[in-house]
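S.K.: If it helps, the file is called data-v5.cif and holds mmCIF, C-alpha atoms and all ligand atoms:
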```cif
data_protein
loop_
_atom_site.label_atom_id
_atom_site.label_comp_id
_atom_site.auth_asym_id
_atom_site.auth_seq_id
_atom_site.Cartn_x
_atom_site.Cartn_y
_atom_site.Cartn_z
CA MET A 1 9.04 -22.37 31.20
CA PRO A 2 11.28 -20.14 29.00
CA LYS A 3 9.63 -17.21 27.31
CA PRO A 4 9.14 -17.51 23.54
CA ARG A 5 11.79 -15.69 21.52
CA VAL A 6 10.55 -13.01 19.17
CA PHE A 7 12.43 -10.83 16.69
CA VAL A 8 10.92 -7.50 15.63
CA THR A 9 12.52 -6.13 12.48
CA ARG A 10 12.17 -2.42 13.38
CA ARG A 11 10.97 -0.26 16.23
CA ILE A 12 7.17 0.01 16.00
CA PRO A 13 4.83 1.91 18.36
CA ASP A 14 4.80 0.91 22.04
CA ALA A 15 1.08 0.25 21.73
CA GLY A 16 2.17 -3.05 20.20
CA LEU A 17 5.58 -3.63 21.77
CA ASN A 18 4.23 -3.25 25.32
CA LYS A 19 1.91 -6.19 24.75
CA LEU A 20 4.93 -8.34 23.95
CA ARG A 21 7.52 -7.12 26.44
CA ASP A 22 6.42 -9.16 29.48
CA VAL A 23 5.53 -12.35 27.70
CA CYS A 24 8.32 -12.70 25.17
CA GLU A 25 12.05 -12.54 25.05
CA LEU A 26 12.08 -9.68 22.63
CA GLU A 27 14.81 -8.44 20.32
CA ILE A 28 14.07 -5.30 18.34
CA TRP A 29 16.26 -4.32 15.39
CA PRO A 30 17.41 -0.85 16.45
CA GLU A 31 18.50 0.61 13.11
CA PRO A 32 16.46 2.98 10.93
CA LEU A 33 17.08 0.76 7.89
CA PRO A 34 15.82 -2.84 7.72
CA PRO A 35 18.13 -5.70 8.71
CA PRO A 36 19.93 -7.09 5.66
CA TYR A 37 18.46 -10.42 4.57
CA GLU A 38 21.43 -12.50 5.79
CA VAL A 39 21.29 -10.81 9.19
CA LEU A 40 17.57 -11.44 9.43
CA VAL A 41 18.08 -15.14 8.67
CA GLY A 42 20.58 -15.30 11.53
CA LYS A 43 18.25 -13.46 13.90
CA VAL A 44 15.24 -15.74 13.37
CA ARG A 45 17.22 -18.97 13.70
CA ASP A 46 16.09 -19.60 17.31
CA CYS A 47 12.87 -17.60 17.21
CA ASP A 48 9.31 -18.72 17.87
CA GLY A 49 7.83 -15.53 16.44
CA LEU A 50 8.77 -12.88 13.90
CA LEU A 51 7.21 -9.43 13.63
CA SER A 52 8.12 -8.26 10.14
CA LEU A 53 7.64 -5.17 7.98
CA LEU A 54 6.81 -4.89 4.31
CA THR A 55 10.49 -4.13 3.67
CA ASP A 56 11.57 -7.62 4.85
CA ARG A 57 11.76 -10.49 2.39
CA ILE A 58 10.39 -13.53 4.20
CA ASP A 59 10.95 -16.48 1.90
CA ALA A 60 11.15 -20.26 2.17
CA ALA A 61 14.91 -20.24 2.80
CA LEU A 62 14.47 -17.92 5.77
CA MET A 63 11.72 -20.14 7.14
CA ASP A 64 13.90 -23.22 6.73
CA ALA A 65 16.55 -21.53 8.83
CA ALA A 66 14.02 -21.09 11.66
CA PRO A 67 12.74 -24.54 12.61
CA LYS A 68 10.87 -23.28 15.71
CA LEU A 69 9.10 -20.39 13.95
CA LYS A 70 5.35 -20.57 14.63
CA VAL A 71 4.13 -17.18 13.51
CA ILE A 72 5.05 -14.35 11.16
CA SER A 73 3.11 -11.21 11.98
CA ASN A 74 3.43 -8.58 9.26
CA TYR A 75 3.06 -4.95 10.32
CA ALA A 76 1.05 -4.10 7.17
CA VAL A 77 -2.15 -5.07 5.46
CA GLY A 78 -0.19 -6.11 2.35
CA TYR A 79 1.88 -9.28 2.65
CA ASN A 80 3.49 -9.64 -0.78
CA ASN A 81 6.86 -9.64 1.03
CA ILE A 82 6.01 -13.04 2.55
CA ASP A 83 5.89 -16.37 0.75
CA VAL A 84 2.59 -17.38 2.34
CA ALA A 85 2.40 -20.72 0.54
CA ALA A 86 5.83 -21.63 1.95
CA ALA A 87 4.70 -20.60 5.44
CA THR A 88 1.54 -22.69 5.19
CA ALA A 89 3.50 -25.69 3.93
CA ARG A 90 5.72 -25.42 7.02
CA GLY A 91 2.87 -24.99 9.51
CA ILE A 92 3.68 -21.31 10.16
CA CYS A 93 0.82 -18.86 10.78
CA VAL A 94 0.87 -15.51 8.97
CA GLY A 95 -0.95 -12.39 10.20
CA ASN A 96 -1.51 -8.89 8.80
CA THR A 97 -3.20 -5.64 9.87
CA PRO A 98 -6.33 -5.01 7.77
CA GLY A 99 -9.13 -2.55 8.53
CA VAL A 100 -7.37 -0.07 10.79
CA LEU A 101 -5.51 1.67 7.97
CA THR A 102 -8.42 1.92 5.55
CA ASP A 103 -9.34 5.54 6.25
CA ALA A 104 -5.78 6.82 6.49
CA THR A 105 -4.94 5.19 3.15
CA ALA A 106 -8.09 6.43 1.44
CA ASP A 107 -7.34 9.93 2.77
CA LEU A 108 -3.86 9.85 1.27
CA ALA A 109 -5.15 8.51 -2.05
CA PHE A 110 -7.55 11.45 -2.16
CA CYS A 111 -4.81 13.83 -1.09
CA LEU A 112 -2.62 12.65 -4.01
CA LEU A 113 -5.59 12.80 -6.38
CA ILE A 114 -6.45 16.42 -5.61
CA ALA A 115 -2.82 17.53 -5.28
CA ALA A 116 -1.95 16.05 -8.69
CA ALA A 117 -5.15 17.36 -10.32
CA ARG A 118 -4.53 20.88 -8.99
CA ARG A 119 -0.73 20.80 -9.42
CA LEU A 120 -0.21 21.68 -5.79
CA VAL A 121 3.41 20.55 -5.42
CA GLU A 122 4.42 22.27 -8.65
CA GLY A 123 2.84 25.46 -7.33
CA TYR A 124 4.55 25.12 -3.97
CA LEU A 125 7.96 24.68 -5.60
CA TYR A 126 7.22 27.68 -7.83
CA THR A 127 6.57 29.77 -4.74
CA LEU A 128 9.66 28.52 -2.91
CA SER A 129 11.92 29.21 -5.88
CA GLY A 130 10.79 32.84 -6.11
CA GLN A 131 9.11 32.46 -9.50
CA TRP A 132 5.73 33.76 -8.26
CA LYS A 133 5.58 37.33 -9.61
CA THR A 134 1.88 37.96 -10.02
CA TRP A 135 -1.56 36.35 -10.24
CA GLU A 136 -1.53 34.46 -13.51
CA PRO A 137 -4.75 34.18 -15.50
CA MET A 138 -3.38 31.33 -17.60
CA GLY A 139 -0.93 29.77 -15.16
CA HIS A 140 -1.13 26.61 -13.04
CA LEU A 141 -4.34 25.33 -14.60
CA GLY A 142 -5.51 21.94 -13.39
CA GLN A 143 -8.50 19.63 -13.41
CA ASP A 144 -11.87 19.99 -11.68
CA LEU A 145 -13.18 17.24 -9.44
CA VAL A 146 -16.88 17.82 -8.86
CA GLY A 147 -19.14 15.64 -10.95
CA ARG A 148 -16.26 13.79 -12.62
CA THR A 149 -15.77 10.03 -12.80
CA LEU A 150 -13.60 8.01 -10.44
CA GLY A 151 -12.33 4.62 -11.61
CA VAL A 152 -11.33 2.32 -8.75
CA VAL A 153 -9.17 -0.65 -9.67
CA GLY A 154 -9.68 -3.11 -6.80
CA MET A 155 -12.89 -2.33 -4.89
CA GLY A 156 -11.89 -3.66 -1.47
CA ARG A 157 -12.04 -1.76 1.81
CA ILE A 158 -9.68 1.04 0.75
CA GLY A 159 -11.11 1.42 -2.75
CA PHE A 160 -14.57 1.65 -1.20
CA ALA A 161 -13.45 4.29 1.33
CA LEU A 162 -11.95 6.44 -1.45
CA ALA A 163 -15.04 6.00 -3.62
CA LYS A 164 -17.27 7.04 -0.69
CA ARG A 165 -15.29 10.25 -0.23
CA CYS A 166 -15.49 11.02 -3.96
CA ARG A 167 -19.18 10.08 -4.27
CA PHE A 168 -20.50 12.06 -1.32
CA GLY A 169 -17.90 14.82 -1.06
CA TRP A 170 -17.38 15.55 -4.75
CA ASP A 171 -20.51 14.11 -6.35
CA MET A 172 -18.47 11.80 -8.56
CA ARG A 173 -19.74 8.89 -10.60
CA ILE A 174 -18.00 5.68 -9.53
CA LEU A 175 -16.78 2.94 -11.86
CA TYR A 176 -14.81 -0.02 -10.61
CA HIS A 177 -12.92 -2.99 -11.90
CA ASP A 178 -12.53 -6.06 -9.73
CA VAL A 179 -12.57 -9.82 -10.11
CA ARG A 180 -15.48 -9.87 -7.64
CA PRO A 181 -18.56 -7.64 -7.59
CA ASN A 182 -18.87 -5.36 -4.56
CA GLU A 183 -22.57 -5.20 -3.80
CA GLN A 184 -22.15 -2.64 -1.03
CA ALA A 185 -20.40 -0.25 -3.43
CA GLU A 186 -23.11 -0.76 -6.03
CA ARG A 187 -25.93 -0.29 -3.50
CA GLU A 188 -24.52 2.56 -1.40
CA LEU A 189 -22.43 4.46 -3.94
CA GLY A 190 -24.18 3.57 -7.18
CA ALA A 191 -20.86 2.16 -8.35
CA ARG A 192 -20.81 0.27 -11.66
CA ARG A 193 -18.52 -2.71 -12.25
CA VAL A 194 -16.93 -2.48 -15.70
CA ASP A 195 -14.10 -4.09 -17.63
CA LEU A 196 -10.74 -2.40 -17.32
CA ASP A 197 -10.80 -0.88 -20.81
CA THR A 198 -14.12 0.83 -20.12
CA LEU A 199 -12.85 2.16 -16.80
CA LEU A 200 -9.67 3.52 -18.40
CA ALA A 201 -11.61 5.17 -21.22
CA GLU A 202 -14.27 6.78 -19.01
CA ALA A 203 -12.55 7.67 -15.73
CA ASP A 204 -11.15 11.12 -14.99
CA PHE A 205 -9.30 9.69 -11.98
CA VAL A 206 -7.95 6.16 -11.85
CA SER A 207 -6.93 4.92 -8.41
CA VAL A 208 -5.26 1.56 -7.81
CA HIS A 209 -6.19 -0.54 -4.76
CA THR A 210 -5.44 -4.12 -5.79
CA ASP A 211 -3.05 -6.57 -4.15
CA LEU A 212 0.27 -7.14 -5.84
CA ASN A 213 0.13 -10.64 -7.30
CA GLU A 214 1.14 -12.31 -10.53
CA THR A 215 -2.00 -11.01 -12.29
CA THR A 216 -1.57 -7.40 -11.23
CA ARG A 217 2.23 -7.11 -11.57
CA GLY A 218 2.88 -4.67 -14.43
CA MET A 219 -0.87 -4.20 -14.96
CA PHE A 220 -0.46 -0.50 -15.77
CA ASN A 221 1.67 -0.57 -18.93
CA LEU A 222 1.95 1.84 -21.84
CA GLU A 223 -0.95 0.31 -23.70
CA ARG A 224 -3.20 0.89 -20.67
CA PHE A 225 -2.02 4.45 -20.09
CA LYS A 226 -2.75 5.20 -23.75
CA LYS A 227 -6.35 4.12 -23.18
CA MET A 228 -6.83 6.78 -20.50
CA LYS A 229 -8.03 10.34 -21.09
CA PRO A 230 -5.32 12.97 -21.68
CA THR A 231 -6.88 14.86 -18.76
CA ALA A 232 -6.81 11.83 -16.44
CA VAL A 233 -5.03 11.64 -13.11
CA PHE A 234 -3.53 8.31 -12.05
CA VAL A 235 -3.11 7.44 -8.35
CA ASN A 236 -1.33 4.45 -6.83
CA THR A 237 -1.31 3.82 -3.08
CA ALA A 238 -1.19 0.01 -3.42
CA ARG A 239 2.18 -1.42 -4.51
CA GLY A 240 4.80 -0.05 -6.91
CA PRO A 241 5.28 -3.11 -9.15
CA ILE A 242 1.64 -2.90 -10.28
CA VAL A 243 2.86 -0.06 -12.50
CA ASP A 244 5.45 -0.10 -15.27
CA GLU A 245 7.16 3.13 -14.23
CA ARG A 246 8.96 3.70 -17.55
CA ALA A 247 5.57 3.51 -19.26
CA LEU A 248 4.05 5.89 -16.71
CA ALA A 249 6.89 8.36 -17.27
CA GLU A 250 6.34 8.20 -21.03
CA ALA A 251 2.59 8.67 -20.59
CA LEU A 252 3.16 11.74 -18.41
CA GLN A 253 5.81 13.20 -20.72
CA LYS A 254 3.87 12.69 -23.92
CA GLY A 255 0.58 13.85 -22.42
CA TYR A 256 -1.27 10.53 -22.69
CA ILE A 257 -2.42 11.37 -19.14
CA PHE A 258 -2.39 14.63 -17.18
CA ALA A 259 -0.71 13.79 -13.88
CA ALA A 260 0.06 11.07 -11.35
CA GLY A 261 0.19 10.80 -7.58
CA LEU A 262 2.12 7.87 -6.15
CA ASP A 263 2.71 6.66 -2.61
CA VAL A 264 4.57 3.56 -3.77
CA THR A 265 7.37 2.93 -6.25
CA ASP A 266 9.43 0.02 -7.53
CA PRO A 267 11.88 -0.21 -5.88
CA GLU A 268 11.38 1.89 -2.77
CA PRO A 269 12.87 4.44 -2.61
CA PRO A 270 13.03 5.11 -6.37
CA LEU A 271 16.48 4.84 -7.92
CA PRO A 272 18.08 8.23 -8.71
CA ASP A 273 17.72 7.67 -12.47
CA ASN A 274 13.97 6.98 -12.26
CA PRO A 275 12.49 9.34 -14.90
CA LEU A 276 9.42 9.96 -12.71
CA LEU A 277 11.58 11.98 -10.32
CA LYS A 278 12.14 14.63 -12.99
CA LEU A 279 8.54 15.12 -14.02
CA PRO A 280 6.62 18.12 -12.66
CA ASN A 281 3.31 16.31 -13.16
CA CYS A 282 4.24 13.39 -10.93
CA ILE A 283 3.98 13.62 -7.15
CA ILE A 284 5.72 10.91 -5.17
CA ALA A 285 5.21 10.39 -1.42
CA PRO A 286 7.48 8.03 0.57
CA HIS A 287 4.91 5.24 1.22
CA ILE A 288 3.09 7.15 3.96
CA ALA A 289 -0.54 6.17 3.42
CA SER A 290 -0.88 4.55 6.85
CA ALA A 291 1.36 7.07 8.58
CA THR A 292 -0.92 8.67 11.16
CA PHE A 293 -0.31 8.33 14.89
CA ALA A 294 -3.58 6.52 15.59
CA THR A 295 -3.33 4.22 12.58
CA ARG A 296 0.22 3.10 13.27
CA ASN A 297 -0.71 2.46 16.94
CA ALA A 298 -3.69 0.38 15.88
CA MET A 299 -1.54 -1.56 13.39
CA ALA A 300 0.99 -2.24 16.15
CA GLU A 301 -1.74 -3.59 18.42
CA ILE A 302 -3.08 -5.98 15.79
CA ALA A 303 0.42 -7.11 14.86
CA ALA A 304 1.18 -7.85 18.53
CA ASP A 305 -2.15 -9.64 19.03
CA ASN A 306 -1.50 -11.77 15.93
CA LEU A 307 1.93 -12.64 17.18
CA LEU A 308 0.72 -13.63 20.65
CA ALA A 309 -2.15 -15.70 19.23
CA GLY A 310 0.32 -17.45 16.94
CA LEU A 311 2.59 -18.30 19.88
CA ARG A 312 -0.32 -19.52 22.01
CA GLY A 313 -1.81 -21.73 19.33
CA GLU A 314 -4.95 -19.56 19.13
CA PRO A 315 -6.69 -18.17 16.02
CA LEU A 316 -5.00 -14.98 14.82
CA ARG A 317 -6.98 -11.73 14.93
CA ALA A 318 -6.21 -11.14 11.23
CA TRP A 319 -5.13 -14.45 9.79
CA VAL A 320 -3.80 -14.57 6.25
CA ASN A 321 -3.55 -18.39 6.09
CA PRO A 322 -6.21 -19.90 8.40
CA GLU A 323 -5.97 -23.09 6.34
CA VAL A 324 -2.74 -23.80 8.24
CA ALA A 325 -4.74 -24.43 11.47
CA PRO A 326 -4.93 -28.24 11.35
CA HIS A 327 -1.17 -28.63 10.99
CA ARG A 328 0.23 -25.48 12.59
CA ARG A 329 3.49 -25.74 14.54
CA ARG A 330 3.03 -25.78 18.29
C1 LIG A 401 0.30 -1.75 4.07
O1 LIG A 401 -0.09 -1.87 5.24
O2 LIG A 401 0.32 -2.69 3.29
C2 LIG A 401 0.74 -0.39 3.63
O3 LIG A 401 1.34 -0.41 2.40
C3 LIG A 401 1.64 0.27 4.66
O4 LIG A 401 0.93 0.52 5.79
#
```
Translate this file's structure into structure tokens.
Ligand code: DGY

M.R.:
Amino acid sequence: MPKPRVFVTRRIPDAGLNKLRDVCELEIWPEPLPPPYEVLVGKVRDCDGLLSLLTDRIDAALMDAAPKLKVISNYAVGYNNIDVAAATARGICVGNTPGVLTDATADLAFCLLIAAARRLVEGYLYTLSGQWKTWEPMGHLGQDLVGRTLGVVGMGRIGFALAKRCRFGWDMRILYHDVRPNEQAERELGARRVDLDTLLAEADFVSVHTDLNETTRGMFNLERFKKMKPTAVFVNTARGPIVDERALAEALQKGYIFAAGLDVTDPEPPLPDNPLLKLPNCIIAPHIASATFATRNAMAEIAADNLLAGLRGEPLRAWVNPEVAPHRRR
């Protein structure tokens, strides 16, 4: 029996690839940049499985070009790059990598929060450029953290993990906004579910942890930034398009908010004329929230397990569209 054909859109850790090597006929895109869309369509034409990254657009047209495709395993917890409804309609299973990147992502959200609040990058650049002449009693002033209020927008696993750090490490009060109540957050962290306007008005730190979908796209616009405190710090480790970046730049420039820490932009990387790149009170990391050795290994393992389960007709370890089961391609 021929081995199933699998295309992997970038080199990922061996912890995942080694699970696939013996059982699949594997092709791994060798370049540092993603395969262009047209190339990807050509590559998946004869494939049974696709291991994709968040940088790959996986749409209905691509699926139509791959009549044997049984499973798309995304090497990410987010899957806004995949048209899941189109996959389900075609009997294709979709997997993702939840859980294993929760702590790494919450750590980076906190890292951006404290770095933006305390103007760490600005200070570092000041040192590097030789401007540091003496201890400055009025220079580099930032925001305190202890006892302040954290507003979590999207109280899922990652929002909870950030809130836990802020509650128990920094004695913060926790507000959250979510379509669903999170009883664990309310019980264990004393978190209070509030409408978005209340959260924006009361939070000292606003951290975004929602999915990108049609409701959240552009959610943070100028009107919303104007509702925040002038001392507030805004953090986004979720997806860039949740934020209107022109509005964020205006809010930072005009002092509607104090600072921002971003791990995601729209597009990625930001275009050279993006005004956020010129602002000293905006820190931008290159989408590295899950970038620890252990986390990326664990993501690779889940992605490989999802792919194998999809090929074998078994339930996926992390299954985005389990409703496809009765009519999945075999
Ligand atoms: C994800 O998994 O969705 C992150 O954005 C990258 O790890």

S.K.: Calculated over all atoms listed in the file, which of the candidates A:Glu188, A:Glu122, A:Glu245, A:Glu183 has the smallest distance to A:Asp273?

M.R.: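 Looking only at the distances to A:Asp273, the closest residue turns out to be A:Glu245.
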
S.K.: Check the smallest atom-to-atom distance from each of A:Asn297, A:Asn18, A:Ser290, A:Asn321 to A:Leu101 using only C-alpha atoms, then report the winner.

M.R.: A:Ser290

S.K.: Got a sec to check which residues lie within 9 Å of ligand LIG 401 (chain A), using only C-alpha atoms and all ligand atoms, and send them as a short mmCIF file (atom, residue, chain, number, x, y, z; two decimals) with C-alpha atoms, keeping the file's coordinate frame?

M.R.:
```cif
data_model
loop_
_atom_site.label_atom_id
_atom_site.label_comp_id
_atom_site.auth_asym_id
_atom_site.auth_seq_id
_atom_site.Cartn_x
_atom_site.Cartn_y
_atom_site.Cartn_z
CA LEU A 53 7.64 -5.17 7.98
CA LEU A 54 6.81 -4.89 4.31
CA ASN A 74 3.43 -8.58 9.26
CA TYR A 75 3.06 -4.95 10.32
CA ALA A 76 1.05 -4.10 7.17
CA VAL A 77 -2.15 -5.07 5.46
CA GLY A 78 -0.19 -6.11 2.35
CA TYR A 79 1.88 -9.28 2.65
CA ASN A 80 3.49 -9.64 -0.78
CA ASN A 96 -1.51 -8.89 8.80
CA THR A 97 -3.20 -5.64 9.87
CA PRO A 98 -6.33 -5.01 7.77
CA LEU A 101 -5.51 1.67 7.97
CA THR A 105 -4.94 5.19 3.15
CA THR A 237 -1.31 3.82 -3.08
CA ALA A 238 -1.19 0.01 -3.42
CA ARG A 239 2.18 -1.42 -4.51
CA ASP A 263 2.71 6.66 -2.61
CA VAL A 264 4.57 3.56 -3.77
CA HIS A 287 4.91 5.24 1.22
CA ILE A 288 3.09 7.15 3.96
CA ALA A 289 -0.54 6.17 3.42
CA SER A 290 -0.88 4.55 6.85
CA ALA A 291 1.36 7.07 8.58
CA THR A 295 -3.33 4.22 12.58
CA ARG A 296 0.22 3.10 13.27
CA MET A 299 -1.54 -1.56 13.39
#
```

S.K.: If we count all atoms listed in the file, what is near A:Arg246 at a cut-off of 10 Å, once residues fewer than 2 positions away on the same chain are taken out, given as an MDAnalysis selection string?

M.R.: chainID A and resid 221:222 243:244 248:252 274:276

S.K.: Out of A:Glu31, A:Asp56, A:Asp178, A:Asp204, which residue has the shortest atom-to-atom distance to A:Val235 when counting only C-alpha atoms?

M.R.: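 Nearest candidate to A:Val235 out of A:Glu31, A:Asp56, A:Asp178, A:Asp204: A:Asp204.
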
S.K.: Using only C-alpha atoms, which protein or nucleic acid residues come within 10 Å of A:His209? Drop anything in the same chain fewer than 5 positions from it, and give the result as JSON, numbers by chain.

M.R.: {"A": [105, 106, 109, 152, 153, 154, 155, 156, 157, 158, 159, 160, 162, 178, 235, 236, 237, 238, 239, 242]}

S.K.: Would you please work out which residue, of A:Asp48, A:Glu301, A:Asp144, A:Glu38, is nearest to A:Glu25 when using all atoms listed in the file?

M.R.: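 Among the listed residues, the smallest separation from A:Glu25 belongs to A:Asp48.
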
S.K.: For a test of reading the model, state the distance in Å between atom CA of A:Ile72 and atom CA of A:Val94, rounded to one decimal.

M.R.: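 Going from atom CA of A:Ile72 over to atom CA of A:Val94, I get 4.9 Å.
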
S.K.: Which residue, A:Ala247, A:Leu189, A:Leu141, A:Cys93, has the smallest gap to A:Ala161 when you use all atoms listed in the file?

M.R.: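 Once distances to A:Ala161 are computed over all atoms listed in the file, the minimum belongs to A:Leu189.
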
S.K.: Within 10 Å of stretch 57-61 of chain A, counting only C-alpha atoms, which residues show up once you throw out same-chain ones fewer than 2 positions away? Write them as a list in words, please.

M.R.: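 Skipping anything fewer than 2 positions along the chain leaves Pro36, Tyr37, Leu40, Val41, Leu50, Ser52, Leu53, Leu54, Thr55, Met63, Asp64, Ala65, Ala66, Ile72, Asn74, Tyr79, Asn80, Asn81, Ile82, Asp83, Val84, Ala85, Ala86, Ala87, Ala89 and Arg90 of chain A.
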
S.K.: Given the choices A:Leu277, A:Ile283, A:Cys47, A:Ile12, which gets closest to A:Arg119 if the distance is worked out from all atoms listed in the file?

M.R.: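 Going through A:Leu277, A:Ile283, A:Cys47, A:Ile12 one by one, the smallest distance to A:Arg119 is for A:Ile283.
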
S.K.: Tell me which residues come within 7 Å of (-3.8, 7.3, -12.0), as a ChimeraX atom specification, counting all atoms listed in the file in the file's coordinates.

M.R.: /A:205-207,233-236,260-261

S.K.: Have a look at atom CA of A:Thr265 and atom CA of A:Ala285 and let me know their distance in Å, one decimal.

M.R.: 9.1 Å
